[in-house]
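Report on one structure; see the data block that follows.
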Amino acid sequence: MMAPSPSRARLALVAAAAALALAAAAVWIGLGTREPGTGSSTVRLEAVDEPGPAPYTASVGTDRDGVVPPADPGGERRGDSPGLYGRADGACDPDALAVALRAAGRDTVWARAQGRADGDAAAVLAALTPLVLRVDVLVDEHGWVGSADRTHRAVLQAGSAVLVDDRGVPRVRCTGGNPLAPPAAALGDDVTGTPWRWFAASTVATVTPADRPLAGFAVVDLETGGAAEVPARH
């Protein structure tokens with residue numbers, strides 16, 4: 001049997017190197033990767049004060065236990081819906097998250113999970129507003145598994161501290177610093193985790209973007225129960 005020519009051997013090595021580079025790039029930016037052991041339809045219930053199994057960082061916020069959703073909270077809710085969010089002092093610290101991500105060397109991957117091609121996590125965080133969910137919300141959640149970004153679907157319990165973009169969409173879970181995105185699919189029957197007292201599939205909301213950037217959010221003050229306005233960060 002004849003040995004391959006030097007030129008063919010070089011071509012084979014180049015092709016193998018290119019394949020490895022593409023595979024590494026897919027892991028690096030988290031393209032289509034889901035957490036091992038979770039099916040594409042599995043939804044994890046994530047209660048307040050529980051960061052889940054794959055946090056990006058230590059907590060940079062404070063969830064609020066005992067936040068009871070208002071009547072008829074489920075279904076599709078626009079990001080500018082009054083009362084969708086609550087206000088609480090110290091709910092989330094975006095500056096602390098920027099520092100934690102940079103210290104862990106995960107800031108670039110985190111920012112790319114947020115759709116920021118240049119990997120500037122601080123710029124993403126500067127435009128997000130700290131708020132607290134007043135309804136249970138279905139999201140696609142990123143997590144840090146091993147040394148790479150992975151995604152899974154989750155329901156965040158009312159009372160979870162989040163960072164919200166200027167269209168009213170939750171983008172970060174503050175307990176763990178994980179990036180969030182609108183869910184790619186509806187809530188199904190494949191649910192894992194311990195339900196909280198008032199959990200029901202019919203009361204889970206999905207948040208869609210407001211039609212235009214918001215100047216502020218009409219929220220409920222979780223200390224007083226009164227209406228309040230929170231300026232949106234841009």
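Chain labels run A, B, ... following the order of the structure tokens; each chain numbers its residues from 1, and ligands are numbered from 1 in the order shown.
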
For the contact check between segment 78-150 of chain A and segment 61-64 of chain A, emit one row per residue of segment 78-150 of chain A within 7 Å, containing the shortest atom pair and the distance in Å rounded to one decimal, counting only C-alpha atoms, chain then rising number order, as a Markdown table.
| residue | atom | partner | partner_atom | distance |
| --- | --- | --- | --- | --- |
| A:Gly90 | CA | A:Gly61 | CA | 6.7 |
| A:Ala91 | CA | A:Thr62 | CA | 5.0 |
| A:Cys92 | CA | A:Gly61 | CA | 3.9 |
| A:Asp93 | CA | A:Gly61 | CA | 6.1 |

How would the residues just chosen look if you wrote them out with N, CA and C atoms as a PDB file, in the first residue's frame?
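Done, and the output landed in selection-v1.pdb:
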ATOM      1  N   GLY A  90     -31.573  47.129  46.974  1.00  0.00           N
ATOM      2  CA  GLY A  90     -30.551  46.091  46.974  1.00  0.00           C
ATOM      3  C   GLY A  90     -30.927  44.834  46.228  1.00  0.00           C
ATOM      4  N   ALA A  91     -31.892  44.937  45.302  1.00  0.00           N
ATOM      5  CA  ALA A  91     -32.331  43.739  44.581  1.00  0.00           C
ATOM      6  C   ALA A  91     -31.198  43.117  43.779  1.00  0.00           C
ATOM      7  N   CYS A  92     -30.375  43.950  43.152  1.00  0.00           N
ATOM      8  CA  CYS A  92     -29.317  43.416  42.298  1.00  0.00           C
ATOM      9  C   CYS A  92     -28.252  44.478  42.083  1.00  0.00           C
ATOM     10  N   ASP A  93     -27.003  44.045  41.974  1.00  0.00           N
ATOM     11  CA  ASP A  93     -25.875  44.960  41.794  1.00  0.00           C
ATOM     12  C   ASP A  93     -25.161  44.632  40.483  1.00  0.00           C
TER      13      ASP A  93
END

Contact table segment 107-202 of chain A vs segment 48-57 of chain A, cut-off 6 Å, shortest pair per residue, only C-alpha atoms, as a Markdown table:
| residue | atom | partner | partner_atom | distance |
| --- | --- | --- | --- | --- |
| A:Gly143 | CA | A:Ala54 | CA | 4.8 |
| A:Trp144 | CA | A:Ala54 | CA | 5.1 |
| A:Val145 | CA | A:Ala54 | CA | 5.8 |
| A:Gln157 | CA | A:Val48 | CA | 6.0 |
| A:Ser160 | CA | A:Val48 | CA | 5.4 |
| A:Thr175 | CA | A:Pro51 | CA | 5.2 |
| A:Gly176 | CA | A:Pro55 | CA | 4.3 |
| A:Gly177 | CA | A:Tyr56 | CA | 5.5 |
| A:Asn178 | CA | A:Tyr56 | CA | 5.6 |

Could you please take those selected residues and save N, CA and C atoms as an mmCIF file, in the first residue's frame?
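Wrote it out as part10.cif, contents follow:
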data_model
loop_
_atom_site.group_PDB
_atom_site.id
_atom_site.type_symbol
_atom_site.label_atom_id
_atom_site.label_comp_id
_atom_site.auth_asym_id
_atom_site.auth_seq_id
_atom_site.Cartn_x
_atom_site.Cartn_y
_atom_site.Cartn_z
ATOM 1 N N GLY A 143 -26.137 28.825 31.780
ATOM 2 C CA GLY A 143 -25.409 28.487 32.988
ATOM 3 C C GLY A 143 -23.977 28.138 32.640
ATOM 4 N N TRP A 144 -23.125 28.090 33.661
ATOM 5 C CA TRP A 144 -21.713 27.772 33.456
ATOM 6 C C TRP A 144 -21.472 26.344 33.928
ATOM 7 N N VAL A 145 -21.195 25.458 32.973
ATOM 8 C CA VAL A 145 -21.008 24.039 33.268
ATOM 9 C C VAL A 145 -19.603 23.638 32.838
ATOM 10 N N GLN A 157 -39.270 31.746 39.958
ATOM 11 C CA GLN A 157 -40.358 32.040 40.886
ATOM 12 C C GLN A 157 -40.512 33.550 41.080
ATOM 13 N N SER A 160 -37.933 36.554 42.379
ATOM 14 C CA SER A 160 -36.555 36.448 41.891
ATOM 15 C C SER A 160 -36.049 37.817 41.447
ATOM 16 N N THR A 175 -29.305 35.896 41.260
ATOM 17 C CA THR A 175 -28.802 34.795 42.075
ATOM 18 C C THR A 175 -28.050 33.835 41.161
ATOM 19 N N GLY A 176 -26.771 34.105 40.964
ATOM 20 C CA GLY A 176 -25.953 33.281 40.082
ATOM 21 C C GLY A 176 -25.450 34.000 38.850
ATOM 22 N N GLY A 177 -26.009 35.183 38.535
ATOM 23 C CA GLY A 177 -25.503 35.971 37.418
ATOM 24 C C GLY A 177 -25.762 35.403 36.041
ATOM 25 N N ASN A 178 -26.718 34.476 35.910
ATOM 26 C CA ASN A 178 -26.904 33.791 34.634
ATOM 27 C C ASN A 178 -27.660 34.639 33.616
#

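Neighbours of Gly74 of chain A closer than or equal to 7 Å, with only C-alpha atoms counted and sequence neighbours fewer than 2 positions away skipped, come out as Asp72, Glu76, Ser202, Thr203, Val204 and Ala205 of chain A.
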
Shortest interatomic distance to Ala104 of chain A - which of A:Arg116, A:Ala58, A:Pro70, A:Arg173, counting only C-alpha atoms:
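Checking each candidate against Ala104 of chain A, we get A:Ala58 as the closest.
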
Going by DSSP on the backbone, which residues of segment 35-110 of chain A come out as strand (DSSP E or B)? List them as a count of residues only.
13

Name the residues in contact with Glu223 of chain A at a cut-off of 9 Å, using only C-alpha atoms, excluding same-chain residues fewer than 4 positions from it; report them as a ChimeraX atom specification.
/A:87-89

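Rounded to one decimal, atom CA of Val137 of chain A and atom CA of Arg102 of chain A lie 28.2 Å from each other.
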
Counting only C-alpha atoms, the option among A:Gly75, A:Gly119, A:Pro94, A:Gly83 closest to Gly225 of chain A:
A:Gly83

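Near Ala122 of chain A, within a cut-off of 12 Å and counting only C-alpha atoms, sit the residues Pro94, Asp95, Ala96, Leu97, Ala98, Val99, Ala100, Leu101, Arg102, Arg106, Asp107, Thr108, Trp110, Ala111, Arg112, Gln114, Arg116 and Leu128 of chain A, with same-chain residues fewer than 6 positions away left out.
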
Only N, CA and C atoms, please: the residues just picked out, written as a tab-separated table (two decimals), in the first residue's frame.
chain	number	residue	atom	x	y	z
A	94	PRO	N	-25.51	45.32	39.39
A	94	PRO	CA	-24.88	45.01	38.10
A	94	PRO	C	-23.38	45.29	38.08
A	95	ASP	N	-22.93	46.29	38.83
A	95	ASP	CA	-21.50	46.58	38.87
A	95	ASP	C	-20.73	45.44	39.53
A	96	ALA	N	-21.30	44.89	40.60
A	96	ALA	CA	-20.65	43.75	41.26
A	96	ALA	C	-20.60	42.53	40.34
A	97	LEU	N	-21.63	42.36	39.52
A	97	LEU	CA	-21.63	41.24	38.57
A	97	LEU	C	-20.54	41.42	37.52
A	98	ALA	N	-20.37	42.64	37.04
A	98	ALA	CA	-19.30	42.90	36.06
A	98	ALA	C	-17.93	42.54	36.64
A	99	VAL	N	-17.71	42.91	37.90
A	99	VAL	CA	-16.43	42.60	38.56
A	99	VAL	C	-16.27	41.09	38.72
A	100	ALA	N	-17.33	40.41	39.15
A	100	ALA	CA	-17.26	38.97	39.39
A	100	ALA	C	-17.01	38.20	38.09
A	101	LEU	N	-17.66	38.61	37.02
A	101	LEU	CA	-17.46	37.94	35.74
A	101	LEU	C	-16.03	38.12	35.24
A	102	ARG	N	-15.52	39.33	35.38
A	102	ARG	CA	-14.15	39.60	34.94
A	102	ARG	C	-13.14	38.81	35.78
A	106	ARG	N	-14.97	34.96	32.82
A	106	ARG	CA	-16.15	34.50	32.08
A	106	ARG	C	-16.91	35.65	31.42
A	107	ASP	N	-16.37	36.85	31.49
A	107	ASP	CA	-17.11	38.02	31.03
A	107	ASP	C	-17.36	38.00	29.53
A	108	THR	N	-16.39	37.55	28.74
A	108	THR	CA	-16.56	37.54	27.29
A	108	THR	C	-17.63	36.54	26.87
A	110	TRP	N	-20.02	35.35	28.72
A	110	TRP	CA	-21.30	35.85	29.26
A	110	TRP	C	-21.90	36.89	28.32
A	111	ALA	N	-21.07	37.83	27.87
A	111	ALA	CA	-21.57	38.89	26.99
A	111	ALA	C	-22.04	38.33	25.65
A	112	ARG	N	-21.33	37.35	25.14
A	112	ARG	CA	-21.74	36.75	23.86
A	112	ARG	C	-23.05	35.99	24.02
A	114	GLN	N	-25.34	37.05	25.73
A	114	GLN	CA	-26.31	38.14	25.69
A	114	GLN	C	-26.43	38.76	24.29
A	116	ARG	N	-23.86	40.06	22.59
A	116	ARG	CA	-22.87	41.13	22.43
A	116	ARG	C	-21.62	40.54	21.78
A	128	LEU	N	-28.93	47.64	31.92
A	128	LEU	CA	-29.94	46.78	32.52
A	128	LEU	C	-30.38	47.33	33.87

Do a neighbour search on segment 219-222 of chain A at 10 Å with only C-alpha atoms, toss out local chain neighbours closer than 2 positions, and write the hits as a compact mmCIF listing (two decimals) with N, CA and C atoms, in the first residue's frame.
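Result went into result_31.txt, see below:
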# COMPACT_ATOMS: atom_id res chain seq x y z
N ARG A 64 -36.65 37.88 46.92
CA ARG A 64 -37.65 38.19 47.94
C ARG A 64 -38.61 37.02 48.09
N VAL A 67 -43.35 36.71 47.72
CA VAL A 67 -44.01 37.56 46.72
C VAL A 67 -45.09 36.73 46.04
N ASP A 80 -43.71 46.13 29.23
CA ASP A 80 -44.16 47.38 29.84
C ASP A 80 -45.47 47.22 30.61
N SER A 81 -45.86 45.98 30.91
CA SER A 81 -47.09 45.75 31.67
C SER A 81 -46.95 46.29 33.09
N PRO A 82 -47.85 47.17 33.53
CA PRO A 82 -47.76 47.69 34.90
C PRO A 82 -47.86 46.57 35.93
N GLY A 83 -47.00 46.61 36.93
CA GLY A 83 -47.04 45.62 38.00
C GLY A 83 -46.37 44.30 37.69
N LEU A 84 -45.79 44.17 36.51
CA LEU A 84 -45.07 42.94 36.18
C LEU A 84 -43.86 42.76 37.09
N TYR A 85 -43.27 43.89 37.48
CA TYR A 85 -42.08 43.87 38.32
C TYR A 85 -42.33 44.62 39.63
N GLY A 86 -41.47 44.32 40.59
CA GLY A 86 -41.47 45.04 41.85
C GLY A 86 -40.15 45.75 42.06
N ARG A 87 -40.19 46.71 42.99
CA ARG A 87 -38.97 47.43 43.36
C ARG A 87 -38.60 47.06 44.79
N ALA A 88 -37.30 46.81 45.00
CA ALA A 88 -36.79 46.54 46.34
C ALA A 88 -35.36 47.01 46.41
N ASP A 89 -35.01 47.69 47.49
CA ASP A 89 -33.64 48.17 47.67
C ASP A 89 -32.68 46.98 47.69
N LEU A 131 -34.67 44.83 39.03
CA LEU A 131 -36.07 44.74 39.43
C LEU A 131 -36.31 43.35 40.04
N VAL A 132 -37.54 43.11 40.49
CA VAL A 132 -37.91 41.83 41.08
C VAL A 132 -39.16 41.31 40.37
N LEU A 133 -39.15 40.05 39.97
CA LEU A 133 -40.32 39.47 39.32
C LEU A 133 -41.50 39.41 40.29
N ARG A 134 -42.69 39.77 39.80
CA ARG A 134 -43.91 39.60 40.60
C ARG A 134 -44.77 38.46 40.08
N GLY A 159 -40.57 36.85 42.90
CA GLY A 159 -39.66 37.21 43.97
C GLY A 159 -38.20 37.12 43.57
N GLY A 216 -39.10 54.21 31.69
CA GLY A 216 -39.19 53.72 33.06
C GLY A 216 -40.18 52.58 33.16
N PHE A 217 -40.26 52.00 34.35
CA PHE A 217 -41.13 50.85 34.60
C PHE A 217 -42.15 51.21 35.68
N THR A 224 -43.79 48.84 50.53
CA THR A 224 -45.03 49.53 50.91
C THR A 224 -46.27 48.96 50.25
N GLY A 225 -46.09 48.25 49.12
CA GLY A 225 -47.23 47.76 48.36
C GLY A 225 -47.83 48.79 47.43
N GLY A 226 -47.28 50.00 47.42
CA GLY A 226 -47.81 51.05 46.57
C GLY A 226 -47.19 51.06 45.19
N ALA A 227 -47.80 51.83 44.29
CA ALA A 227 -47.27 51.97 42.94
C ALA A 227 -46.02 52.85 42.95
N ALA A 228 -45.10 52.56 42.04
CA ALA A 228 -43.86 53.32 41.96
C ALA A 228 -43.38 53.33 40.52
N GLU A 229 -42.44 54.20 40.25
CA GLU A 229 -41.82 54.29 38.92
C GLU A 229 -40.31 54.11 39.08
N VAL A 230 -39.74 53.23 38.27
CA VAL A 230 -38.30 53.01 38.28
C VAL A 230 -37.74 53.43 36.92

Which residue, A:Thr129, A:Ser41, A:Thr151, A:Ser59, has the smallest gap to Leu214 of chain A when you use only C-alpha atoms?
A:Thr129

Name the closest residue to Ala158 of chain A among the candidates A:Val68, A:Gly146, A:Asp190, A:Val43; distances are taken between atoms, counting only C-alpha atoms.
A:Val68

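Separating atom CA of Thr42 of chain A from atom CA of Val162 of chain A is a distance of 22.0 Å.
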
Pull the helix (DSSP H, G or I) assignments for segment 2-207 of chain A out of DSSP run on the backbone, and list those residues as a VMD selection string.
chain A and resid 6 to 29 94 to 104 107 to 113 121 to 126 201 to 203

Hey, can you check how far atom CA of Arg150 of chain A sits from atom CA of Ala232 of chain A?
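Atom CA of Arg150 of chain A sits 28.8 Å away from atom CA of Ala232 of chain A.
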
Residue contacts of Val169 of chain A (10 Å, only C-alpha atoms) excluding same-chain residues fewer than 2 positions away, as a list in words
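My list of contacting residues is Arg77, Arg78, Gly79, Asp80, Leu128, Val139, Val162, Leu163, Val164, Asp165, Asp166, Arg167, Arg171, Val172, Leu180, Ala181, Pro182, Thr206, Val207, Thr208, Pro209 and Ala210 of chain A.
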
Keeping N, CA and C atoms for every residue in the selection just given, could you write it to a file as a PDB file, in the first residue's frame?
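Listed below is the output, out22.pdb:
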ATOM      1  N   ARG A  77     -47.019  38.346  28.534  1.00  0.00           N
ATOM      2  CA  ARG A  77     -47.044  39.672  29.147  1.00  0.00           C
ATOM      3  C   ARG A  77     -45.981  40.538  28.486  1.00  0.00           C
ATOM      4  N   ARG A  78     -46.367  41.728  28.047  1.00  0.00           N
ATOM      5  CA  ARG A  78     -45.381  42.641  27.476  1.00  0.00           C
ATOM      6  C   ARG A  78     -44.516  43.234  28.578  1.00  0.00           C
ATOM      7  N   GLY A  79     -43.304  43.593  28.205  1.00  0.00           N
ATOM      8  CA  GLY A  79     -42.357  44.099  29.183  1.00  0.00           C
ATOM      9  C   GLY A  79     -42.755  45.407  29.832  1.00  0.00           C
ATOM     10  N   ASP A  80     -43.707  46.131  29.234  1.00  0.00           N
ATOM     11  CA  ASP A  80     -44.163  47.384  29.836  1.00  0.00           C
ATOM     12  C   ASP A  80     -45.466  47.219  30.610  1.00  0.00           C
ATOM     13  N   LEU A 128     -28.926  47.640  31.917  1.00  0.00           N
ATOM     14  CA  LEU A 128     -29.942  46.776  32.517  1.00  0.00           C
ATOM     15  C   LEU A 128     -30.382  47.332  33.868  1.00  0.00           C
ATOM     16  N   VAL A 139     -38.271  31.191  31.042  1.00  0.00           N
ATOM     17  CA  VAL A 139     -37.126  31.778  30.342  1.00  0.00           C
ATOM     18  C   VAL A 139     -36.241  30.669  29.778  1.00  0.00           C
ATOM     19  N   VAL A 162     -33.911  40.186  39.196  1.00  0.00           N
ATOM     20  CA  VAL A 162     -33.456  40.093  37.813  1.00  0.00           C
ATOM     21  C   VAL A 162     -32.953  41.454  37.341  1.00  0.00           C
ATOM     22  N   LEU A 163     -32.199  41.426  36.250  1.00  0.00           N
ATOM     23  CA  LEU A 163     -31.845  42.635  35.517  1.00  0.00           C
ATOM     24  C   LEU A 163     -32.633  42.629  34.220  1.00  0.00           C
ATOM     25  N   VAL A 164     -33.240  43.763  33.899  1.00  0.00           N
ATOM     26  CA  VAL A 164     -34.209  43.859  32.812  1.00  0.00           C
ATOM     27  C   VAL A 164     -33.711  44.851  31.764  1.00  0.00           C
ATOM     28  N   ASP A 165     -33.901  44.523  30.478  1.00  0.00           N
ATOM     29  CA  ASP A 165     -33.465  45.451  29.432  1.00  0.00           C
ATOM     30  C   ASP A 165     -34.490  46.560  29.221  1.00  0.00           C
ATOM     31  N   ASP A 166     -34.201  47.468  28.294  1.00  0.00           N
ATOM     32  CA  ASP A 166     -35.059  48.644  28.145  1.00  0.00           C
ATOM     33  C   ASP A 166     -36.355  48.363  27.392  1.00  0.00           C
ATOM     34  N   ARG A 167     -36.589  47.104  27.021  1.00  0.00           N
ATOM     35  CA  ARG A 167     -37.894  46.693  26.494  1.00  0.00           C
ATOM     36  C   ARG A 167     -38.677  45.877  27.526  1.00  0.00           C
ATOM     37  N   ARG A 171     -33.077  39.753  31.557  1.00  0.00           N
ATOM     38  CA  ARG A 171     -31.849  39.356  30.873  1.00  0.00           C
ATOM     39  C   ARG A 171     -30.816  38.710  31.784  1.00  0.00           C
ATOM     40  N   VAL A 172     -30.985  38.845  33.101  1.00  0.00           N
ATOM     41  CA  VAL A 172     -30.032  38.245  34.038  1.00  0.00           C
ATOM     42  C   VAL A 172     -30.783  37.809  35.282  1.00  0.00           C
ATOM     43  N   LEU A 180     -30.293  35.466  30.706  1.00  0.00           N
ATOM     44  CA  LEU A 180     -31.640  34.982  30.400  1.00  0.00           C
ATOM     45  C   LEU A 180     -32.054  35.453  29.018  1.00  0.00           C
ATOM     46  N   ALA A 181     -32.994  34.723  28.427  1.00  0.00           N
ATOM     47  CA  ALA A 181     -33.563  35.102  27.137  1.00  0.00           C
ATOM     48  C   ALA A 181     -35.008  34.619  27.097  1.00  0.00           C
ATOM     49  N   PRO A 182     -35.837  35.205  26.226  1.00  0.00           N
ATOM     50  CA  PRO A 182     -37.199  34.684  26.066  1.00  0.00           C
ATOM     51  C   PRO A 182     -37.154  33.214  25.668  1.00  0.00           C
ATOM     52  N   THR A 206     -44.854  34.428  30.091  1.00  0.00           N
ATOM     53  CA  THR A 206     -43.704  34.682  29.221  1.00  0.00           C
ATOM     54  C   THR A 206     -43.693  36.174  28.922  1.00  0.00           C
ATOM     55  N   VAL A 207     -42.513  36.766  28.959  1.00  0.00           N
ATOM     56  CA  VAL A 207     -42.390  38.214  28.788  1.00  0.00           C
ATOM     57  C   VAL A 207     -41.895  38.515  27.378  1.00  0.00           C
ATOM     58  N   THR A 208     -42.648  39.343  26.665  1.00  0.00           N
ATOM     59  CA  THR A 208     -42.269  39.764  25.319  1.00  0.00           C
ATOM     60  C   THR A 208     -41.840  41.229  25.349  1.00  0.00           C
ATOM     61  N   PRO A 209     -40.992  41.647  24.419  1.00  0.00           N
ATOM     62  CA  PRO A 209     -40.483  43.024  24.461  1.00  0.00           C
ATOM     63  C   PRO A 209     -41.577  44.057  24.223  1.00  0.00           C
ATOM     64  N   ALA A 210     -41.454  45.189  24.895  1.00  0.00           N
ATOM     65  CA  ALA A 210     -42.307  46.336  24.602  1.00  0.00           C
ATOM     66  C   ALA A 210     -42.012  46.829  23.187  1.00  0.00           C
TER      67      ALA A 210
END
